[in-house]
Every structure is written in structure tokens, then in C-alpha cells.
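Everything below concerns the one structure shown next.
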Amino acid sequence: MGYAGVGASEEKPLWRRIADFPLVAMLLALAAVVAANAAALLVVRPLPVPDQLTRSLILAATSVLLVLAVYKLFIRHLGEQPGDELSFRKAPRELSIGLAFGFVLFSLVVGAAAVADVYNIRGPGGTGDLLRMLLIISIAPGVIEEVIFRGILFRWLEQFAGSWFALAATSALFGVAHIYNPGATWFSSFAIAIEAGVLLGGAYMLTRSLWVPIGLHAAWNFTQGFIYDVPVSGADQEGLVEATLSGPVLLSGGSFGLEASLIALAIATGAGVWLVVLAVRRGELVRPWWARRRVTPIAEPCSD
């Protein structure tokens, strides 16, 4: 991940240097996403739709489209190192990798829970919840939350204070963001912070793209809710099967679901640490802003 030299930034006007400072760019980007979501609400609220589910589906789709538009038109141009981490050219391959990874990972969690006899299938389920699961539970959180937590917070916290601070801070914030979910406890938020924060942060660090974490996030939610009938961060779902969680809360996650279990904590955190290690080996570790500014470029030798 390259960085422009100090001299290049000094040639810019003062207002642009202020706007490009990592923390200022981060706040501008957050404000843009908030405005996009507010605009989606204003557009959808007056529409004459037959029921609340249809309204929620339209709102989710509109929010996703507006957030993607705001990212493409504004956010990707911000900062000292502008760049498009939502390249449509890379989307098919990287999104597929994320989707496959998310499905396999949560299937491993469910498999381990079944072996431990805390996850049991009672019978067939249904497909009536498919659209809600796709848009509201999977795609919308996958896109919007990843743009916020990895595409904005991680990106500019990393440029300001380095990779380790960005990983720790965004993981903690991601956990806290789930504290008001149904059935949430401080342990469930801790588990989300460690397993999901490190996993999604590691995917972003390794690829320097948002498509892999978006796919991973969406597939993780869809797999646990629609395929295995496991509550998604405390929200009960209708899956292809009818299943129950029982036994010790530390293994089942209780009403919050398997995300709050030691099983998911071990498996997902292990995968996340592996991604972070790969990123470090690939040279994707970023030093803090002030440390980079102390580096003096080495002058090239003059040739006669």
C-alpha cells in the first residue's frame, strides 16, 4: 500500500491538505454515508407500499445503492492516498472468494456445534424468508457496515495511527455496535469484536479491497440464518431447516446465537489471525502517520 511523499502534499492548497488529513477525511466520509442513508429514508418513507416488509426491502436496496454511489462519487477521492477499494472490475472474483469463505467458515462453526450436541436439526424449514434474508440481513449489512467499518474507519484510522491501532479500534467498535441487539450481552459483544472484527479486518488488510469482507460478511449472515436457522446476532430467522440451540450458553451462545459461543470465537478468530498474518507477511502493515513523516527520502546519487 503505497504512500505519497511529503513534498507532494505540500503543493496542495491549505484547504485540501486539511481535508486530506486522515481523521478529517474519515469524518467527511462518515458524514457522506449518514447523508446517503438519510436520503434513502426520505425517498422511501412516502412511497405507497402494501406492507412493512416491502417497505423495509425497498429501503435496504435504496440504502445500498446510495451508499455505493456516495463511495464511488465522493469517498474514494478523499485522503492523501485516494483509491477505489470497490473496483467493479475486481468484484466478481473477490466477492466470490468472500462468499465462499463466509459459507465454509460458518458451516464449520455449525458442524462443531452439532458435534458438541448444542445444535440440532428438528425438521424442514421454509423459503418464505428468502428476500428478507438476502437484502435486509445479508446484503445491506454486508455493504453498508463494511463501507463504514473497513472502508472508512479502518482505512483512515490506519493511515493515522497504523494497522494495529486500526484493527483493534474497529474491532472494538464493531463489537459495541452489536450491544443493543436482541439477546446481546457484554460477552456477545466481546465475541463479535474478536471473531468478526479480526476476521473482517484481516480480510481487508490482506486484499486492500472491500469486496472480500463484504462477501464474507453477507455469506456469514445468510448461512447462519437462512441455511442453518441460527439467530443472526440475536435476531431469530426462518431457515431451510428448523433447528434449536441448547446446552451450555458458552457453547450455544444462548438467544444471541452461535456468534456468542466459544466455538465461533475459536474458529472465526483463528481464521482472522491467519488472514492478518498473511497480510503482515505480504507487507501490508502500515506504520502510524507521524512515523511515516519522520522518514527522510534518500537522495539519488548524481550521475556525471
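Going by the C-alpha cells order, chains are called A, B, ..., each with residues numbered from 1, while ligands are numbered from 1 in the order shown.
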
With the cut-off set at 7 Å and counting only C-alpha atoms, tabulate each residue of range 4-122 of chain A with an atom at most that distance from an atom of range 245-251 of chain A, showing the nearest atom pair and its distance in Å to one decimal, ordered by chain and increasing number, as a tab-separated table.
```
residue	atom	partner	partner_atom	distance
A:Val118	CA	A:Ser246	CA	4.8
A:Tyr119	CA	A:Leu245	CA	4.8
A:Asn120	CA	A:Leu245	CA	6.6
```

- Message: Neighbouring residues of range 232-236 of chain A were defined as those with any atom within 9 Å, considering only C-alpha atoms; residues of the same chain fewer than 2 positions away were excluded. Please report them as an NGL selection string.
- Response: :A and (137 or 178 or 181-184 or 188 or 192 or 221-222 or 224-225 or 229-230 or 238 or 254-260)

- Note on the structure: Using only C-alpha atoms, the shortest atom-to-atom distance to Phe103 in chain A among A:Ala218, A:Met26, A:Leu135, A:Ala203 belongs to A:Ala218

- Item | Which of range 127-304 of chain A DSSP labels helix (DSSP H, G or I), written as a ChimeraX atom specification | /A:130-161,163-176,186-207,211-227,249-252,254-256,258-260,262-281,289-293

Take the residues from that selection and put them in a file with C-alpha atoms, as a compact mmCIF listing (two decimals), in the first residue's frame.
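Output (selection_37.txt):
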```txt
# COMPACT_ATOMS: atom_id res chain seq x y z
CA LEU A 130 -35.50 -15.59 1.40
CA LEU A 131 -35.88 -11.99 0.19
CA ARG A 132 -35.66 -10.54 3.69
CA MET A 133 -32.60 -12.65 4.46
CA LEU A 134 -30.89 -11.65 1.22
CA LEU A 135 -31.49 -7.91 1.33
CA ILE A 136 -32.08 -6.88 4.94
CA ILE A 137 -29.98 -9.41 6.85
CA SER A 138 -27.19 -10.19 4.38
CA ILE A 139 -26.57 -7.71 1.53
CA ALA A 140 -27.43 -4.44 3.28
CA PRO A 141 -25.30 -5.08 6.41
CA GLY A 142 -22.54 -6.59 4.28
CA VAL A 143 -22.25 -3.50 2.10
CA ILE A 144 -23.11 -0.65 4.49
CA GLU A 145 -21.31 -1.94 7.58
CA GLU A 146 -18.19 -2.86 5.64
CA VAL A 147 -18.04 0.52 3.93
CA ILE A 148 -18.33 2.17 7.36
CA PHE A 149 -16.10 -0.08 9.48
CA ARG A 150 -13.44 -1.16 6.97
CA GLY A 151 -13.78 1.29 4.07
CA ILE A 152 -13.88 4.40 6.26
CA LEU A 153 -12.92 3.77 9.90
CA PHE A 154 -10.21 1.16 9.29
CA ARG A 155 -8.81 2.94 6.24
CA TRP A 156 -8.22 6.32 7.85
CA LEU A 157 -7.50 5.16 11.39
CA GLU A 158 -4.79 3.00 9.82
CA GLN A 159 -3.40 5.93 7.83
CA PHE A 160 -3.34 7.98 11.03
CA ALA A 161 -2.27 5.53 13.75
CA SER A 163 -2.57 -1.06 11.18
CA TRP A 164 -2.56 -2.46 14.71
CA PHE A 165 -4.47 0.50 16.14
CA ALA A 166 -6.98 0.40 13.27
CA LEU A 167 -7.55 -3.33 13.73
CA ALA A 168 -8.04 -3.00 17.50
CA ALA A 169 -10.23 0.12 17.31
CA THR A 170 -12.55 -1.07 14.52
CA SER A 171 -12.91 -4.50 16.13
CA ALA A 172 -13.91 -2.91 19.44
CA LEU A 173 -16.35 -0.52 17.74
CA PHE A 174 -17.86 -3.39 15.73
CA GLY A 175 -18.50 -5.29 18.95
CA VAL A 176 -20.03 -2.28 20.70
CA TRP A 186 -21.13 -7.90 27.06
CA PHE A 187 -19.68 -11.31 26.22
CA SER A 188 -21.54 -11.44 22.89
CA SER A 189 -20.16 -8.00 22.00
CA PHE A 190 -16.69 -9.15 23.03
CA ALA A 191 -17.07 -12.23 20.86
CA ILE A 192 -18.25 -10.16 17.87
CA ALA A 193 -15.34 -7.76 18.35
CA ILE A 194 -12.74 -10.53 18.41
CA GLU A 195 -14.09 -13.08 15.94
CA ALA A 196 -15.76 -10.77 13.38
CA GLY A 197 -13.63 -7.67 13.91
CA VAL A 198 -10.35 -9.50 13.43
CA LEU A 199 -11.74 -11.70 10.64
CA LEU A 200 -13.16 -8.85 8.54
CA GLY A 201 -10.28 -6.52 9.36
CA GLY A 202 -7.81 -9.22 8.35
CA ALA A 203 -9.65 -9.79 5.06
CA TYR A 204 -9.45 -6.07 4.34
CA MET A 205 -5.78 -5.81 5.29
CA LEU A 206 -4.84 -8.76 3.09
CA THR A 207 -6.77 -7.73 -0.03
CA TRP A 211 -15.36 -6.92 -1.84
CA VAL A 212 -13.90 -9.85 0.14
CA PRO A 213 -15.12 -8.58 3.56
CA ILE A 214 -18.49 -7.64 2.04
CA GLY A 215 -18.91 -11.15 0.62
CA LEU A 216 -17.67 -12.76 3.81
CA HIS A 217 -19.99 -10.67 5.99
CA ALA A 218 -23.05 -11.28 3.77
CA ALA A 219 -22.42 -15.03 3.43
CA TRP A 220 -21.78 -15.39 7.20
CA ASN A 221 -25.20 -13.83 7.95
CA PHE A 222 -27.06 -15.68 5.18
CA THR A 223 -25.52 -19.05 6.00
CA GLN A 224 -26.28 -18.97 9.70
CA GLY A 225 -29.78 -17.54 9.32
CA PHE A 226 -31.31 -18.89 6.13
CA ILE A 227 -29.44 -22.17 5.72
CA VAL A 249 -24.57 -20.89 26.91
CA LEU A 250 -20.82 -20.65 26.37
CA LEU A 251 -21.15 -23.32 23.67
CA SER A 252 -24.58 -22.44 22.23
CA GLY A 254 -27.87 -18.62 24.09
CA SER A 255 -30.56 -16.50 22.43
CA PHE A 256 -27.90 -14.40 20.65
CA LEU A 258 -23.61 -19.20 17.84
CA GLU A 259 -21.76 -15.93 17.26
CA ALA A 260 -21.67 -15.59 21.05
CA LEU A 262 -16.72 -20.23 22.32
CA ILE A 263 -16.99 -22.38 19.18
CA ALA A 264 -17.37 -19.40 16.83
CA LEU A 265 -14.87 -17.42 18.87
CA ALA A 266 -12.22 -20.10 18.35
CA ILE A 267 -12.90 -20.88 14.68
CA ALA A 268 -13.53 -17.38 13.33
CA THR A 269 -10.76 -15.75 15.39
CA GLY A 270 -8.32 -18.41 14.23
CA ALA A 271 -9.25 -17.65 10.60
CA GLY A 272 -8.93 -13.93 11.25
CA VAL A 273 -5.49 -14.24 12.82
CA TRP A 274 -4.40 -16.33 9.83
CA LEU A 275 -5.52 -13.55 7.45
CA VAL A 276 -3.70 -10.91 9.50
CA VAL A 277 -0.50 -12.99 9.50
CA LEU A 278 -0.75 -13.35 5.71
CA ALA A 279 -1.24 -9.60 5.39
CA VAL A 280 1.84 -8.88 7.52
CA ARG A 281 3.93 -11.32 5.51
CA TRP A 289 1.19 8.81 10.19
CA TRP A 290 3.76 10.50 12.42
CA ALA A 291 6.27 7.68 11.97
CA ARG A 292 5.98 7.90 8.18
CA ARG A 293 6.54 11.66 8.32
```

- Message: Can you tell me, as a list in words, which residues in range 112-270 of chain A count as strand (DSSP E) by DSSP?
- Response: Tyr119, Asn120, Ile121, Arg122, Gly123, Pro124, Val241, Glu242, Ala243, Thr244 and Leu245 of chain A

Write a file of the just-selected residues containing C-alpha atoms, as a JSON list (two decimals), in the first residue's frame.
```json
[["chain", "number", "residue", "atom", "x", "y", "z"],
["A", 119, "TYR", "CA", -27.03, -27.54, 17.56],
["A", 120, "ASN", "CA", -29.75, -29.95, 16.46],
["A", 121, "ILE", "CA", -31.99, -30.06, 13.38],
["A", 122, "ARG", "CA", -35.63, -30.80, 14.24],
["A", 123, "GLY", "CA", -37.13, -30.84, 10.76],
["A", 124, "PRO", "CA", -37.55, -28.97, 7.48],
["A", 241, "VAL", "CA", -34.27, -26.28, 8.34],
["A", 242, "GLU", "CA", -35.84, -25.92, 11.73],
["A", 243, "ALA", "CA", -33.06, -26.12, 14.31],
["A", 244, "THR", "CA", -32.55, -25.47, 18.00],
["A", 245, "LEU", "CA", -29.62, -24.43, 20.17]]
```

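Atom to atom, CA of Ile18 in chain A and CA of Glu284 in chain A stand 25.7 Å apart.
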
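We find CA of Asn37 in chain A and CA of Ala60 in chain A to be spaced 9.4 Å apart.
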
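Our summary of the geometry notes that CA of Val49 in chain A is positioned 25.2 Å from CA of Val33 in chain A.
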